[in-house]
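> What follows is run_32.txt; its format and atoms are compact mmCIF, C-alpha atoms.
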```txt
# COMPACT_ATOMS: atom_id res chain seq x y z
CA MET A 106 -207.37 71.39 41.05
CA ALA A 107 -207.21 67.96 39.45
CA PRO A 108 -205.72 64.97 41.23
CA THR A 109 -202.26 64.02 40.05
CA ASN A 110 -201.87 60.84 38.01
CA ARG A 111 -202.42 57.84 40.22
CA ALA A 112 -203.33 54.15 40.41
CA ALA A 113 -204.74 51.92 43.17
CA HIS A 114 -206.83 54.88 44.37
CA SER A 115 -210.52 54.56 45.15
CA ALA A 116 -213.44 56.42 43.67
CA ILE A 117 -217.19 56.71 44.22
CA SER A 118 -220.05 58.93 43.18
CA VAL A 119 -222.46 60.56 45.60
CA ASP A 120 -225.34 62.54 44.13
CA LYS A 121 -223.78 64.68 41.41
CA PHE A 122 -220.24 64.38 42.74
CA PHE A 123 -217.45 62.00 41.86
CA PHE A 124 -214.84 61.58 44.61
CA VAL A 125 -211.30 60.26 44.46
CA PHE A 126 -209.07 59.47 47.42
CA GLY A 127 -205.54 58.14 47.76
CA GLY A 128 -203.60 55.88 45.48
CA ALA A 129 -200.01 55.55 44.43
CA LEU A 130 -197.89 57.47 41.95
CA GLY A 131 -195.36 56.07 39.54
CA GLY A 132 -192.43 54.53 41.36
CA GLY A 133 -194.55 53.43 44.31
CA GLU A 134 -194.74 56.81 46.02
CA LEU A 135 -198.02 57.54 47.83
CA ALA A 136 -200.48 60.01 46.33
CA ASP A 137 -201.61 62.87 48.58
CA ASP A 138 -204.48 62.49 51.05
CA ASN A 139 -206.81 65.10 49.58
CA LEU A 140 -210.42 64.23 48.85
CA TYR A 141 -210.88 65.29 45.23
CA GLN A 142 -214.31 66.21 44.02
CA LEU A 143 -215.72 66.54 40.53
CA ASP A 144 -219.23 67.77 39.75
CA PHE A 145 -219.83 65.32 36.95
CA LEU A 146 -222.84 67.22 35.61
CA THR A 147 -220.44 69.96 34.49
CA ILE A 148 -218.10 67.67 32.54
CA THR A 149 -217.80 68.80 28.95
CA GLU A 150 -216.18 67.18 25.94
CA ASP A 151 -212.68 68.14 27.01
CA LYS A 152 -212.92 69.69 30.49
CA ALA A 153 -213.54 68.42 34.00
CA HIS A 154 -213.64 70.92 36.85
CA TRP A 155 -212.01 69.38 39.90
CA SER A 156 -211.75 70.81 43.38
CA ILE A 157 -210.34 69.64 46.69
CA ARG A 158 -213.03 69.06 49.29
CA THR A 159 -212.02 70.88 52.45
CA CYS A 160 -212.32 68.45 55.36
CA LYS A 161 -211.06 68.28 58.92
CA GLY A 162 -208.73 65.39 59.69
CA THR A 163 -207.58 62.72 57.26
CA PRO A 164 -207.44 58.93 57.06
CA GLY A 165 -203.87 59.41 55.87
CA ALA A 166 -202.39 58.68 52.47
CA ARG A 167 -202.82 55.09 51.32
CA TYR A 168 -203.30 52.89 48.28
CA GLY A 169 -205.20 49.68 47.60
CA HIS A 170 -208.01 50.72 49.99
CA VAL A 171 -211.76 50.72 49.33
CA MET A 172 -214.25 53.55 49.51
CA ALA A 173 -218.02 53.20 49.72
CA TYR A 174 -221.04 55.34 50.48
CA LEU A 175 -223.11 54.34 53.51
CA ARG A 176 -225.46 57.31 53.67
CA PRO A 177 -224.59 59.81 55.05
CA TYR A 178 -220.99 58.64 55.28
CA ILE A 179 -218.22 57.98 52.85
CA ILE A 180 -216.34 55.02 54.32
CA ILE A 181 -212.68 54.17 53.74
CA PHE A 182 -211.37 50.77 54.78
CA GLY A 183 -207.90 49.28 54.71
CA GLY A 184 -205.17 49.71 52.14
CA ASN A 185 -201.46 50.21 52.51
CA THR A 186 -200.12 53.35 54.17
CA GLY A 187 -196.70 53.05 52.61
CA SER A 188 -195.18 50.63 55.10
CA GLU A 189 -197.90 48.10 55.85
CA ALA A 190 -201.42 46.89 55.18
CA VAL A 191 -203.97 48.40 57.59
CA GLY A 192 -207.49 47.48 58.69
CA ASP A 193 -208.79 50.82 59.94
CA ILE A 194 -212.12 52.39 59.02
CA TRP A 195 -212.73 56.09 58.49
CA LYS A 196 -215.97 57.91 57.88
CA ILE A 197 -216.90 61.37 56.71
CA ASP A 198 -220.33 62.98 56.50
CA ILE A 199 -219.75 64.38 53.07
CA LEU A 200 -222.96 66.37 52.75
CA GLY A 201 -222.74 67.47 56.41
CA ASN A 202 -219.81 68.47 58.65
CA CYS A 203 -217.02 67.05 56.46
CA ILE A 204 -214.92 65.78 59.38
CA TRP A 205 -212.91 62.57 58.93
CA GLU A 206 -213.39 60.35 61.97
CA LYS A 207 -211.72 57.04 62.75
CA VAL A 208 -214.40 54.44 63.40
CA THR A 209 -214.36 52.19 66.44
CA THR A 210 -216.04 48.86 65.80
CA GLY A 211 -216.80 45.78 67.89
CA PRO A 212 -214.40 43.02 68.97
CA GLU A 213 -214.41 41.03 65.72
CA ASN A 214 -212.78 42.82 62.79
CA PRO A 215 -211.39 41.81 59.42
CA PRO A 216 -207.60 41.52 59.43
CA PRO A 217 -205.65 44.31 57.67
CA ARG A 218 -205.62 44.08 53.89
CA VAL A 219 -204.82 45.80 50.62
CA TYR A 220 -206.29 45.34 47.12
CA HIS A 221 -209.59 44.01 48.44
CA SER A 222 -212.95 44.93 46.94
CA ALA A 223 -216.15 46.35 48.39
CA SER A 224 -219.69 47.03 47.38
CA VAL A 225 -222.84 48.22 49.13
CA CYS A 226 -226.02 46.12 49.03
CA ARG A 227 -228.92 48.25 47.88
CA THR A 228 -231.79 45.77 48.20
CA GLY A 229 -232.84 42.83 50.35
CA THR A 230 -232.15 42.07 53.99
CA ALA A 231 -228.51 43.21 53.70
CA SER A 232 -229.53 46.56 52.23
CA GLY A 233 -227.17 49.29 53.40
CA MET A 234 -224.40 46.85 54.27
CA MET A 235 -220.91 47.32 52.86
CA VAL A 236 -219.57 43.92 51.88
CA ILE A 237 -215.83 43.42 51.47
CA PHE A 238 -214.07 40.43 50.00
CA GLY A 239 -210.52 39.19 49.81
CA GLY A 240 -207.45 41.28 49.27
CA ARG A 241 -203.88 40.72 50.32
CA GLY A 242 -203.07 40.34 54.00
CA ILE A 243 -200.11 41.53 56.05
CA ASP A 244 -198.02 38.52 55.03
CA GLY A 245 -198.81 39.11 51.36
CA VAL A 246 -201.05 36.07 51.11
CA PRO A 247 -204.34 36.43 49.19
CA LEU A 248 -207.46 36.31 51.38
CA ASN A 249 -210.91 34.89 50.67
CA ASP A 250 -212.89 36.02 53.67
CA THR A 251 -216.10 38.03 53.39
CA TRP A 252 -217.20 40.66 55.89
CA GLY A 253 -220.17 42.99 56.13
CA LEU A 254 -220.08 46.45 57.69
CA ARG A 255 -223.47 47.48 58.94
CA LYS A 256 -224.64 50.83 60.24
CA HIS A 257 -226.93 50.61 63.25
CA ARG A 258 -229.81 53.02 63.86
CA ASP A 259 -227.74 54.82 66.48
CA GLY A 260 -224.95 55.40 63.94
CA ARG A 261 -222.58 52.70 65.25
CA LEU A 262 -220.74 50.65 62.65
CA ASP A 263 -220.04 46.97 63.19
CA TRP A 264 -218.46 44.16 61.22
CA MET A 265 -219.93 40.73 60.84
CA LYS A 266 -218.13 37.84 59.24
CA ALA A 267 -220.04 36.09 56.51
CA PRO A 268 -220.44 32.34 56.81
CA TYR A 269 -218.56 30.56 54.04
CA ARG A 270 -217.61 27.04 53.03
CA ASN A 271 -214.06 26.35 54.03
CA ASN A 272 -213.61 24.04 51.04
CA SER A 273 -214.24 26.78 48.48
CA LYS A 274 -210.78 27.90 47.52
CA PRO A 275 -210.14 30.58 44.90
CA GLY A 276 -209.19 29.06 41.55
CA MET B 115 -224.72 36.71 31.42
CA MET B 116 -221.65 38.58 30.22
CA GLU B 117 -222.08 40.44 26.98
CA LYS B 118 -219.66 42.38 24.86
CA VAL B 119 -220.90 45.90 24.27
CA ASP B 120 -220.39 47.66 20.97
CA PHE B 121 -219.28 51.25 21.23
CA SER B 122 -217.91 54.01 19.09
CA GLY B 123 -215.14 56.47 19.85
CA ASP B 124 -211.61 55.87 21.10
CA SER B 125 -210.83 53.34 23.82
CA PRO B 126 -208.97 54.52 26.89
CA GLN B 127 -205.29 53.63 26.81
CA ALA B 128 -204.46 50.16 28.18
CA ARG B 129 -204.08 50.39 31.97
CA PHE B 130 -204.40 48.70 35.37
CA GLY B 131 -205.12 49.87 38.90
CA HIS B 132 -207.77 52.27 37.58
CA THR B 133 -211.39 52.64 38.69
CA ILE B 134 -214.67 52.62 36.82
CA THR B 135 -217.53 54.31 38.63
CA PRO B 136 -221.18 54.77 37.64
CA ILE B 137 -222.10 58.45 37.44
CA GLY B 138 -225.71 59.49 37.08
CA LYS B 139 -228.15 57.18 35.32
CA ASP B 140 -226.36 56.25 32.14
CA LYS B 141 -222.64 56.92 32.35
CA ALA B 142 -219.52 55.43 33.88
CA LEU B 143 -216.26 57.21 34.49
CA VAL B 144 -212.85 55.62 34.18
CA PHE B 145 -210.24 57.35 36.29
CA GLY B 146 -206.50 56.93 36.56
CA GLY B 147 -204.56 53.71 36.57
CA ALA B 148 -201.04 52.81 35.63
CA VAL B 149 -199.38 52.26 32.28
CA GLY B 150 -196.19 50.30 32.73
CA ASP B 151 -194.44 51.79 35.74
CA THR B 152 -196.04 55.22 35.82
CA GLY B 153 -199.45 56.53 36.83
CA THR B 154 -201.57 58.06 34.12
CA GLY B 155 -204.18 60.79 34.15
CA SER B 156 -207.94 60.78 34.22
CA ALA B 157 -210.03 59.84 31.25
CA MET B 158 -213.72 59.42 30.52
```
Please express what this file holds, its structure, as structure tokens.


Amino acid sequence: MAPTNRAAHSAISVDKFFFVFGGALGGGELADDNLYQLDFLTITEDKAHWSIRTCKGTPGARYGHVMAYLRPYIIIFGGNTGSEAVGDIWKIDILGNCIWEKVTTGPENPPPRVYHSASVCRTGTASGMMVIFGGRGIDGVPLNDTWGLRKHRDGRLDWMKAPYRNNSKPG
Amino acid sequence: MMEKVDFSGDSPQARFGHTITPIGKDKALVFGGAVGDTGTGSAM
């Protein structure tokens, strides 16, 4: 069960699996909200065996979002749900119960955005933090703010805004 | 430092809005993207 053709989706690999979620189809229609899974160790010259990961709940169809792996969770943040940019976070314990849950964070959160980027720090003091940068806000204006999503020992997820020089404008 | 990598084989079709994801130790997988106005399929 391969995902249909799509763009502005997000993809990550966890262990031996490659996951794809969301995106948009030709003509601007939203792709479905299935979590597609590919065991990349079984890829051959001309075949890839896809399946749909059965999960409870859904973040809802969207494009221009980001997906990252903060063990044990796959995290989805932001994107456009078809009508507007959003700033919600969803998590799923992909090797555990496979339930999508909307994440409640603290009082300070990054504004909604689409077409941002994200990466997870793997070393240093920010190890395990998902860092997001930029994107396009609700009003369509490009953003240059940086935020870090950190998982606390008790499982809570919280954003912190990175300090930045206000005079550094994107070129 | 950015470096251009030599490779053999066919290049994926020109595209945007795709992803490239590391898989395992020594591979990366390009998936999806759009060609003109329409989405395209997966490629490696």

> Can you list, as a ChimeraX atom specification, every protein, DNA or RNA residue that comes within 10 Å of Pro164 in chain A when you count only C-alpha atoms, leaving out same-chain residues fewer than 2 positions away?

/A:126-127,138-139,162,166-167,181-183,186,193-197,205-207

> Please produce, as CSV, a per-residue contact table for chain A versus chain B (criterion: any atom at most 8 Å away, all atoms listed in the file considered), showing the nearest atom pair and its distance in Å to one decimal, sorted by chain then residue number.


```
residue,atom,partner,partner_atom,distance
A:Thr109,CA,B:Gly155,CA,7.0
A:Asn110,CA,B:Gly155,CA,4.5
A:Arg111,CA,B:Gly153,CA,4.7
A:Ala112,CA,B:Gly147,CA,4.1
A:Ala113,CA,B:Gly131,CA,4.8
A:His114,CA,B:His132,CA,7.3
A:Ser115,CA,B:Thr133,CA,6.8
A:Ala116,CA,B:Thr133,CA,6.6
A:Ile117,CA,B:Thr135,CA,6.1
A:Ser118,CA,B:Ile137,CA,6.1
A:Asp120,CA,B:Gly138,CA,7.7
A:Lys121,CA,B:Gly138,CA,7.0
A:Phe123,CA,B:Ile137,CA,7.3
A:Ala129,CA,B:Gly153,CA,7.7
A:Leu130,CA,B:Gly153,CA,5.4
A:Gly131,CA,B:Thr152,CA,3.9
A:Gly132,CA,B:Asp151,CA,6.6
A:Phe145,CA,B:Ile137,CA,7.3
```

> Which polymer residues, protein or nucleic acid, are no farther than 10 Å from (-212.9, 70.6, 38.1), counting only C-alpha atoms, as a list of chain:residue names?

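It turns out the residues near that spot are A:Met106, A:Ala107, A:Pro108, A:Tyr141, A:Gln142, A:Leu143, A:Asp144, A:Phe145, A:Thr147, A:Ile148, A:Lys152, A:Ala153, A:His154, A:Trp155, A:Ser156, A:Ile157.
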
> When you look at Arg261 in chain A with a cut-off of 12 Å (counting all atoms listed in the file), what residues show up, excluding the ones that are within fewer than 5 positions of it in the same chain? I need them as a JSON list (two decimals) with C-alpha atoms, keeping the file's coordinate frame.


```
[["chain", "number", "residue", "atom", "x", "y", "z"],
["A", 175, "LEU", "CA", -223.11, 54.34, 53.51],
["A", 178, "TYR", "CA", -220.99, 58.64, 55.28],
["A", 196, "LYS", "CA", -215.97, 57.91, 57.88],
["A", 207, "LYS", "CA", -211.72, 57.04, 62.75],
["A", 208, "VAL", "CA", -214.40, 54.44, 63.40],
["A", 209, "THR", "CA", -214.36, 52.19, 66.44],
["A", 210, "THR", "CA", -216.04, 48.86, 65.80],
["A", 211, "GLY", "CA", -216.80, 45.78, 67.89],
["A", 254, "LEU", "CA", -220.08, 46.45, 57.69],
["A", 255, "ARG", "CA", -223.47, 47.48, 58.94],
["A", 256, "LYS", "CA", -224.64, 50.83, 60.24]]
```

> Please determine the residues with any atom at most 12 Å from (-206.4, 43.5, 59.7) (coordinates as given in the file, with only C-alpha atoms counting) and report them as a PyMOL selection string.

chain A and resi 182-185+189-194+213-219+221+239-244+248+250+252

> Using C-alpha atoms, can you write the selected residues to a file as a PDB file, keeping the file's coordinate frame?


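Okay, result19.pdb is ready:
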```pdb
ATOM      1  CA  PHE A 182    -211.370  50.770  54.780  1.00  0.00           C
ATOM      2  CA  GLY A 183    -207.900  49.280  54.710  1.00  0.00           C
ATOM      3  CA  GLY A 184    -205.170  49.710  52.140  1.00  0.00           C
ATOM      4  CA  ASN A 185    -201.460  50.210  52.510  1.00  0.00           C
ATOM      5  CA  GLU A 189    -197.900  48.100  55.850  1.00  0.00           C
ATOM      6  CA  ALA A 190    -201.420  46.890  55.180  1.00  0.00           C
ATOM      7  CA  VAL A 191    -203.970  48.400  57.590  1.00  0.00           C
ATOM      8  CA  GLY A 192    -207.490  47.480  58.690  1.00  0.00           C
ATOM      9  CA  ASP A 193    -208.790  50.820  59.940  1.00  0.00           C
ATOM     10  CA  ILE A 194    -212.120  52.390  59.020  1.00  0.00           C
ATOM     11  CA  GLU A 213    -214.410  41.030  65.720  1.00  0.00           C
ATOM     12  CA  ASN A 214    -212.780  42.820  62.790  1.00  0.00           C
ATOM     13  CA  PRO A 215    -211.390  41.810  59.420  1.00  0.00           C
ATOM     14  CA  PRO A 216    -207.600  41.520  59.430  1.00  0.00           C
ATOM     15  CA  PRO A 217    -205.650  44.310  57.670  1.00  0.00           C
ATOM     16  CA  ARG A 218    -205.620  44.080  53.890  1.00  0.00           C
ATOM     17  CA  VAL A 219    -204.820  45.800  50.620  1.00  0.00           C
ATOM     18  CA  HIS A 221    -209.590  44.010  48.440  1.00  0.00           C
ATOM     19  CA  GLY A 239    -210.520  39.190  49.810  1.00  0.00           C
ATOM     20  CA  GLY A 240    -207.450  41.280  49.270  1.00  0.00           C
ATOM     21  CA  ARG A 241    -203.880  40.720  50.320  1.00  0.00           C
ATOM     22  CA  GLY A 242    -203.070  40.340  54.000  1.00  0.00           C
ATOM     23  CA  ILE A 243    -200.110  41.530  56.050  1.00  0.00           C
ATOM     24  CA  ASP A 244    -198.020  38.520  55.030  1.00  0.00           C
ATOM     25  CA  LEU A 248    -207.460  36.310  51.380  1.00  0.00           C
ATOM     26  CA  ASP A 250    -212.890  36.020  53.670  1.00  0.00           C
ATOM     27  CA  TRP A 252    -217.200  40.660  55.890  1.00  0.00           C
TER      28      TRP A 252
END
```

> In Å, with one decimal, what is the gap from CA of Leu200 in chain A to CA of Leu140 in chain A?

13.3 Å

> Find the distance between CA of Met235 in chain A and CA of Gly253 in chain A and write it in Å to one decimal.

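Between these atoms lies a distance of 5.5 Å.
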
> Mind giving me the straight-line distance from CA of Pro268 in chain A to CA of Met116 in chain B in Å, one decimal?

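Between CA of Pro268 in chain A and CA of Met116 in chain B the gap works out to 27.3 Å.
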
> Of the candidates A:Cys203, A:Ile180, A:Ser224, A:Asp198, which shows the shortest atom-to-atom distance to Leu262 in chain A, using all atoms listed in the file?

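Counting all atoms listed in the file, the residue closest to Leu262 in chain A is A:Ile180.
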